[in-house]
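Below is work-v7.cif, which holds mmCIF, C-alpha atoms.
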```
data_target
loop_
_atom_site.label_atom_id
_atom_site.label_comp_id
_atom_site.auth_asym_id
_atom_site.auth_seq_id
_atom_site.Cartn_x
_atom_site.Cartn_y
_atom_site.Cartn_z
CA MET A 112 -6.17 -41.76 -10.49
CA SER A 113 -5.73 -39.57 -13.57
CA VAL A 114 -2.49 -38.20 -14.92
CA TRP A 115 -3.65 -34.81 -13.61
CA ASP A 116 -3.84 -36.16 -10.05
CA VAL A 117 -0.26 -37.32 -10.44
CA HIS A 118 0.71 -33.88 -11.73
CA TYR A 119 -0.93 -31.98 -8.85
CA THR A 120 0.39 -34.41 -6.24
CA ALA A 121 3.93 -33.96 -7.56
CA LEU A 122 3.50 -30.19 -7.67
CA TYR A 123 2.18 -29.87 -4.12
CA ASN A 124 4.81 -32.27 -2.76
CA SER A 125 7.59 -30.30 -4.45
CA LEU A 126 9.56 -27.31 -3.19
CA LEU A 127 7.12 -25.01 -4.99
CA ALA A 128 4.56 -25.62 -2.23
CA VAL A 129 4.99 -24.96 1.48
CA ASP A 130 3.32 -26.13 4.65
CA ALA A 131 0.54 -23.78 5.66
CA VAL A 132 -2.06 -23.59 8.39
CA LEU A 133 -5.68 -22.80 7.62
CA THR A 134 -8.11 -21.61 10.28
CA VAL A 135 -11.53 -21.33 8.73
CA ALA A 136 -13.39 -19.77 11.62
CA CYS A 137 -12.29 -18.38 14.96
CA GLY A 138 -12.20 -21.23 17.48
CA ASP A 139 -11.94 -23.95 14.82
CA VAL A 140 -9.07 -26.40 14.94
CA PRO A 141 -6.31 -25.20 12.60
CA ILE A 142 -5.78 -27.45 9.59
CA GLU A 143 -2.38 -28.17 8.12
CA LEU A 144 -2.20 -28.29 4.34
CA ARG A 145 0.09 -27.55 1.41
CA ALA A 146 -0.11 -24.20 -0.34
CA ILE A 147 1.67 -22.40 -3.17
CA ASP A 148 2.44 -18.72 -2.64
CA LYS A 149 1.11 -16.79 -5.65
CA THR A 150 1.83 -13.27 -4.42
CA VAL A 151 2.67 -10.94 -7.30
CA PRO A 152 3.86 -7.33 -7.49
CA GLN A 153 1.34 -4.80 -8.73
CA MET A 154 0.81 -1.06 -9.15
CA ASN A 155 -2.37 0.57 -7.89
CA SER A 156 -3.33 3.69 -9.80
CA PHE A 157 -4.37 6.75 -7.83
CA GLN A 158 -4.48 9.24 -10.71
CA GLY A 159 -1.20 10.98 -10.09
CA ALA A 160 0.48 9.13 -7.25
CA ASP A 161 0.50 5.39 -7.91
CA VAL A 162 1.32 2.86 -5.22
CA ALA A 163 3.71 -0.04 -5.64
CA THR A 164 2.19 -2.91 -3.73
CA ILE A 165 1.57 -6.64 -4.02
CA GLY A 166 -1.41 -8.83 -4.77
CA PRO A 167 -1.15 -11.50 -2.09
CA ALA A 168 -2.64 -14.87 -3.05
CA ALA A 169 -2.12 -18.58 -2.51
CA HIS A 170 -3.29 -21.77 -4.17
CA VAL A 171 -4.38 -24.92 -2.37
CA ARG A 172 -5.70 -28.21 -3.74
CA ALA A 173 -9.47 -28.60 -3.85
CA SER A 174 -9.06 -32.32 -3.14
CA GLU A 175 -7.02 -31.62 0.00
CA LEU A 176 -9.72 -29.26 1.28
CA ALA A 177 -12.32 -31.97 0.68
CA GLU A 178 -10.12 -34.58 2.36
CA LYS A 179 -9.96 -32.37 5.45
CA ASP A 180 -13.70 -31.59 5.42
CA VAL A 181 -13.27 -27.91 4.52
CA ASP A 182 -16.20 -26.55 2.53
CA PRO A 183 -14.76 -23.91 0.14
CA ASP A 184 -17.77 -21.68 0.87
CA THR A 185 -16.50 -21.27 4.43
CA LEU A 186 -13.05 -20.05 3.39
CA ASP A 187 -13.80 -16.32 3.11
CA GLY A 188 -12.89 -14.52 6.32
CA GLY A 189 -10.64 -17.37 7.45
CA MET A 190 -6.94 -17.12 8.23
CA LEU A 191 -4.03 -18.66 6.37
CA THR A 192 -0.59 -18.78 7.95
CA LEU A 193 1.91 -19.00 5.13
CA ASN A 194 5.66 -18.51 5.20
CA GLY A 195 5.55 -17.10 8.70
CA LYS A 196 2.81 -14.54 8.10
CA ASP A 197 -0.88 -14.48 8.93
CA TRP A 198 -3.20 -13.55 6.09
CA LYS A 199 -6.94 -13.00 6.06
CA ILE A 200 -8.75 -14.76 3.21
CA ILE A 201 -10.74 -12.12 1.35
CA ASN A 202 -12.27 -14.38 -1.26
CA HIS A 203 -11.63 -17.59 -3.13
CA GLN A 204 -11.95 -18.77 -6.69
CA PRO A 205 -11.84 -22.31 -8.12
CA ILE A 206 -9.16 -23.06 -10.72
CA PRO A 207 -10.46 -26.29 -12.23
CA ALA A 208 -8.19 -29.02 -13.52
CA PRO A 209 -8.92 -30.45 -16.98
CA THR A 210 -10.62 -33.26 -15.08
CA GLY A 211 -12.93 -30.90 -13.20
CA GLU A 212 -13.21 -28.43 -10.35
CA ALA A 213 -12.95 -31.06 -7.59
CA PHE A 214 -9.51 -32.09 -8.84
CA GLY A 215 -8.06 -28.63 -9.38
CA GLU A 216 -6.96 -25.81 -7.15
CA VAL A 217 -8.57 -23.02 -5.16
CA ARG A 218 -7.08 -19.56 -5.39
CA LEU A 219 -7.22 -17.61 -2.11
CA SER A 220 -7.03 -13.82 -2.32
CA LEU A 221 -5.32 -12.60 0.83
CA ASP A 222 -5.11 -9.46 2.91
CA GLU A 223 -2.16 -8.63 5.13
CA ARG A 224 -3.02 -8.27 8.79
CA ARG A 225 -1.59 -4.97 10.08
CA MET B 20 26.19 38.99 -11.12
CA ALA B 21 23.58 37.78 -8.68
CA GLU B 22 20.44 36.21 -10.12
CA ILE B 23 17.34 38.34 -9.74
CA THR B 24 14.72 36.70 -7.54
CA TYR B 25 11.19 37.46 -8.65
CA GLU B 26 8.08 37.37 -6.53
CA ASP B 27 6.42 33.99 -7.07
CA LYS B 28 3.16 33.52 -5.23
CA ARG B 29 2.51 30.21 -6.96
CA GLU B 30 5.57 28.66 -5.40
CA ALA B 31 4.90 30.31 -2.04
CA ILE B 32 1.33 28.96 -2.01
CA LEU B 33 2.42 25.45 -2.98
CA GLN B 34 5.10 25.30 -0.31
CA ARG B 35 2.71 26.53 2.35
CA LEU B 36 -0.06 24.19 1.13
CA LEU B 37 2.17 21.15 1.58
CA ALA B 38 3.18 22.31 5.07
CA VAL B 39 -0.50 22.75 6.02
CA ALA B 40 -1.37 19.33 4.59
CA LYS B 41 1.49 17.68 6.46
CA ALA B 42 0.27 19.27 9.71
CA VAL B 43 -3.13 17.57 9.31
CA ASP B 44 -1.47 14.35 10.45
CA GLU B 45 2.24 14.31 11.18
CA THR B 46 2.42 10.53 10.81
CA PHE B 47 2.08 10.97 7.03
CA GLU B 48 5.24 11.45 5.01
CA ALA B 49 5.08 14.54 2.80
CA ARG B 50 6.06 14.34 -0.87
CA ARG B 51 5.71 16.73 -3.77
CA ASN B 52 4.86 15.55 -7.30
CA GLU B 53 5.88 12.01 -6.45
CA THR B 54 4.21 9.59 -8.85
CA ARG B 55 5.35 6.26 -7.39
CA LEU B 56 4.83 5.49 -3.74
CA SER B 57 5.45 2.47 -1.56
CA ASP B 58 2.64 0.67 0.25
CA LYS B 59 4.79 0.55 3.39
CA GLN B 60 4.17 4.15 4.40
CA LYS B 61 1.36 6.68 4.70
CA TYR B 62 1.85 9.63 2.36
CA VAL B 63 0.53 13.10 1.74
CA VAL B 64 1.43 14.23 -1.76
CA LEU B 65 1.17 17.66 -3.34
CA LEU B 66 0.52 17.64 -7.08
CA ASP B 67 1.30 21.17 -8.30
CA GLY B 68 -1.43 21.36 -10.94
CA GLU B 69 -2.06 23.97 -13.61
CA GLU B 70 -2.48 27.71 -13.46
CA THR B 71 -4.51 29.86 -15.83
CA ALA B 72 -4.71 33.63 -16.14
CA MET B 73 -8.28 34.86 -15.82
CA ALA B 74 -9.85 35.64 -19.18
CA SER B 75 -11.88 38.44 -17.63
CA ASP B 76 -8.75 40.53 -16.91
CA PRO B 77 -8.62 43.72 -19.00
CA VAL B 78 -5.63 43.21 -21.30
CA THR B 79 -6.39 45.29 -24.39
CA GLY B 80 -4.10 48.28 -24.60
CA ARG B 81 -2.16 47.34 -21.50
CA ALA B 82 1.53 46.57 -21.24
CA ALA B 83 2.63 42.96 -21.63
CA SER B 84 3.88 43.11 -18.07
CA ALA B 85 0.56 44.33 -16.68
CA PRO B 86 -0.62 42.41 -13.60
CA ARG B 87 -2.88 39.40 -14.06
CA ARG B 88 -5.12 37.44 -11.77
CA VAL B 89 -4.15 33.81 -11.95
CA GLN B 90 -6.10 30.74 -10.87
CA MET B 91 -4.16 27.68 -9.82
CA VAL B 92 -5.65 24.27 -8.98
CA PRO B 93 -3.21 22.12 -6.99
CA GLU B 94 -4.27 18.80 -5.49
CA ILE B 95 -3.40 17.18 -2.20
CA GLN B 96 -3.52 13.38 -2.10
CA PHE B 97 -3.56 11.34 1.06
CA ARG B 98 -2.66 7.67 0.64
CA VAL B 99 -3.07 4.99 3.25
CA GLY B 100 -3.37 1.22 3.45
CA ALA B 101 -5.92 -0.15 5.91
CA GLU B 102 -8.63 -2.70 6.34
CA ALA B 103 -11.37 -2.28 3.76
CA GLU B 104 -14.00 -1.26 6.30
CA ASP B 105 -11.77 1.53 7.74
CA VAL B 106 -10.09 3.11 4.73
CA GLY B 107 -12.97 5.39 3.71
CA THR B 108 -13.42 6.74 7.24
CA ILE B 109 -9.71 7.44 7.58
CA LEU B 110 -9.54 9.29 4.27
CA ASN B 111 -12.70 11.31 4.92
CA ARG B 112 -11.35 12.42 8.28
CA LEU B 113 -8.15 13.63 6.62
CA ARG B 114 -10.18 15.37 3.90
CA ILE B 115 -12.39 17.35 6.27
CA ARG B 116 -9.43 18.38 8.42
CA LEU B 117 -7.47 19.52 5.36
CA ILE B 118 -10.38 21.57 4.04
CA ALA B 119 -10.72 23.34 7.39
CA SER B 120 -6.98 23.94 7.66
CA VAL B 121 -6.51 25.32 4.14
CA LEU B 122 -9.53 27.59 4.09
CA THR B 123 -8.64 29.18 7.43
CA ASP B 124 -4.86 29.42 7.07
CA ALA B 125 -3.91 33.08 7.35
CA THR B 126 -0.67 32.65 5.40
CA LEU B 127 -2.36 30.99 2.45
CA LEU B 128 -5.24 33.46 2.44
CA GLY B 129 -2.76 36.33 2.60
CA LEU B 130 -1.15 35.18 -0.64
CA THR B 131 -4.44 35.37 -2.55
CA VAL B 132 -6.51 38.20 -4.05
CA ASN B 133 -8.23 40.22 -1.32
CA ASN B 134 -6.94 37.74 1.26
CA HIS B 135 -9.89 35.40 0.75
CA SER B 136 -9.59 33.79 -2.67
CA ILE B 137 -9.30 30.10 -1.93
CA ARG B 138 -12.10 27.74 -2.94
CA TYR B 139 -12.60 24.07 -2.29
CA GLU B 140 -13.19 22.35 -5.65
CA GLY B 141 -13.92 18.75 -4.65
CA SER B 142 -12.37 15.40 -3.89
CA ASN B 143 -12.08 11.98 -5.44
CA MET B 144 -11.49 8.76 -3.53
CA VAL B 145 -10.02 5.61 -5.04
CA ALA B 146 -9.51 2.26 -3.32
CA GLU B 147 -7.86 -0.80 -4.77
CA ARG B 148 -6.88 -4.03 -3.16
CA GLY B 149 -3.16 -4.59 -2.76
CA ARG B 150 -1.25 -5.83 0.27
CA SER B 151 -4.33 -4.60 2.10
CA MET B 152 -6.97 -2.14 0.93
CA GLU B 153 -4.94 0.71 -0.52
CA GLY B 154 -6.92 3.94 -0.52
CA GLY B 155 -6.22 7.43 -1.78
CA ILE B 156 -8.17 10.66 -1.75
CA GLY B 157 -7.33 13.69 -3.86
CA ILE B 158 -8.56 17.07 -2.66
CA ALA B 159 -8.45 20.08 -4.99
CA PHE B 160 -8.53 23.80 -4.27
CA THR B 161 -8.52 26.86 -6.48
CA PHE B 162 -6.20 29.67 -5.42
CA THR B 163 -6.62 33.03 -7.12
CA TYR B 164 -3.64 35.32 -6.78
CA ALA B 165 -2.11 38.36 -8.42
CA LEU B 166 0.83 37.91 -10.73
CA TYR B 167 3.03 40.96 -11.20
CA PRO B 168 5.46 40.10 -14.03
CA GLY B 169 8.92 41.39 -13.25
CA ARG B 170 8.24 42.26 -9.62
CA THR B 171 11.20 41.27 -7.52
CA ALA B 172 10.87 39.40 -4.26
CA VAL B 173 11.07 41.41 -1.07
#
```

Target format structure tokens, applied to this file:
Amino acid sequence: MSVWDVHYTALYNSLLAVDAVLTVACGDVPIELRAIDKTVPQMNSFQGADVATIGPAAHVRASELAEKDVDPDTLDGGMLTLNGKDWKIINHQPIPAPTGEAFGEVRLSLDERR
Amino acid sequence: MAEITYEDKREAILQRLLAVAKAVDETFEARRNETRLSDKQKYVVLLDGEETAMASDPVTGRAASAPRRVQMVPEIQFRVGAEAEDVGTILNRLRIRLIASVLTDATLLGLTVNNHSIRYEGSNMVAERGRSMEGGIGIAFTFTYALYPGRTAV
């Protein structure tokens, strides 16, 4: 185990992360995992009347996905329940650790279900 | 002494235009010249736009207060958040209904030269991902009206 594994384990076991539920495809068994809410405020420009909105996103550990047999390529279109809200996963992006992609995080871009 | 109120077709057109745009879909909140909106609400926004006196008007040898024909290009923006696959359809529906409403509104037409001087200029749609897909469409019209400097309002 590298020092980076220790770092990520501590981070995802801390108060910065929360329990979340991932449902990759409709009908699949929901998977419990730890996630960090990375939602940020943002302004969308509409050439005259801009919109104050948010960029919803969450990070999960690549190693935890692998542990639970979730192929990252199946994430898009799935559902993440985080902090009491259901979000659709629009796309995902690896955020590699210094020790490689498999030991880093996966950023999930989310869409609010209306 | 009471302030003199002058005839102002620009303001009359803009007020009526926003009312017509609001009537396209009453679930949209109407705003005028608002530059920062929330993603929690659907909006229809009037951006006043510029006005220009027509260069083809005969001005040589005429009084400074001679009437002018003026062209004004306001813009109506609809803004809505929806699922990505729906946002374009929603905005296009609003656009086509607004065009029909504006170009057939008797009050607006009556404020323009010869009661028929409104032209659709075009539209521009923008979509960006936010809380959901946030879409906006701006629709522009040219209104040509007569400006009589110094004429008081009836």

**Report entry** Two-atom distance - atom CA of B:Val99, atom CA of B:Gln34 (Å)
**Finding:**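 Between atom CA of B:Val99 and atom CA of B:Gln34 the gap is 22.2 Å.
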
Requested in this report: Tell me, as a PyMOL selection string, which residues lie within 7 Å of A:Ala163, counting only C-alpha atoms; anything in the same chain fewer than 5 positions away does not count.
Outcome: (chain A and resi 153-155) or (chain B and resi 55-58)

Report task. With a distance threshold of 10 Å and counting all atoms listed in the file, extract the residues of chain A near chain B and express them as a ChimeraX atom specification. Result -> /A:150-168,198-199,201,220-225

Report summary line: Using all atoms listed in the file, the shortest atom-to-atom distance to B:Leu122 among B:Ser142, B:Ala172, B:Tyr167, B:Leu36 belongs to B:Leu36

Query raised in the report: Residues at most 9 Å from A:Thr210, counting all atoms listed in the file, excluding those fewer than 6 positions away in the same chain, as a ChimeraX atom specification?
Result: /A:113,115-116

Report task. Apply the PyMOL selection byres ((chain A and resi 218) around 12) to the displayed file and report the matching residues as a ChimeraX atom specification. Result -> /A:146-150,167-173,183,186-187,200-207,212,215-217,219-221
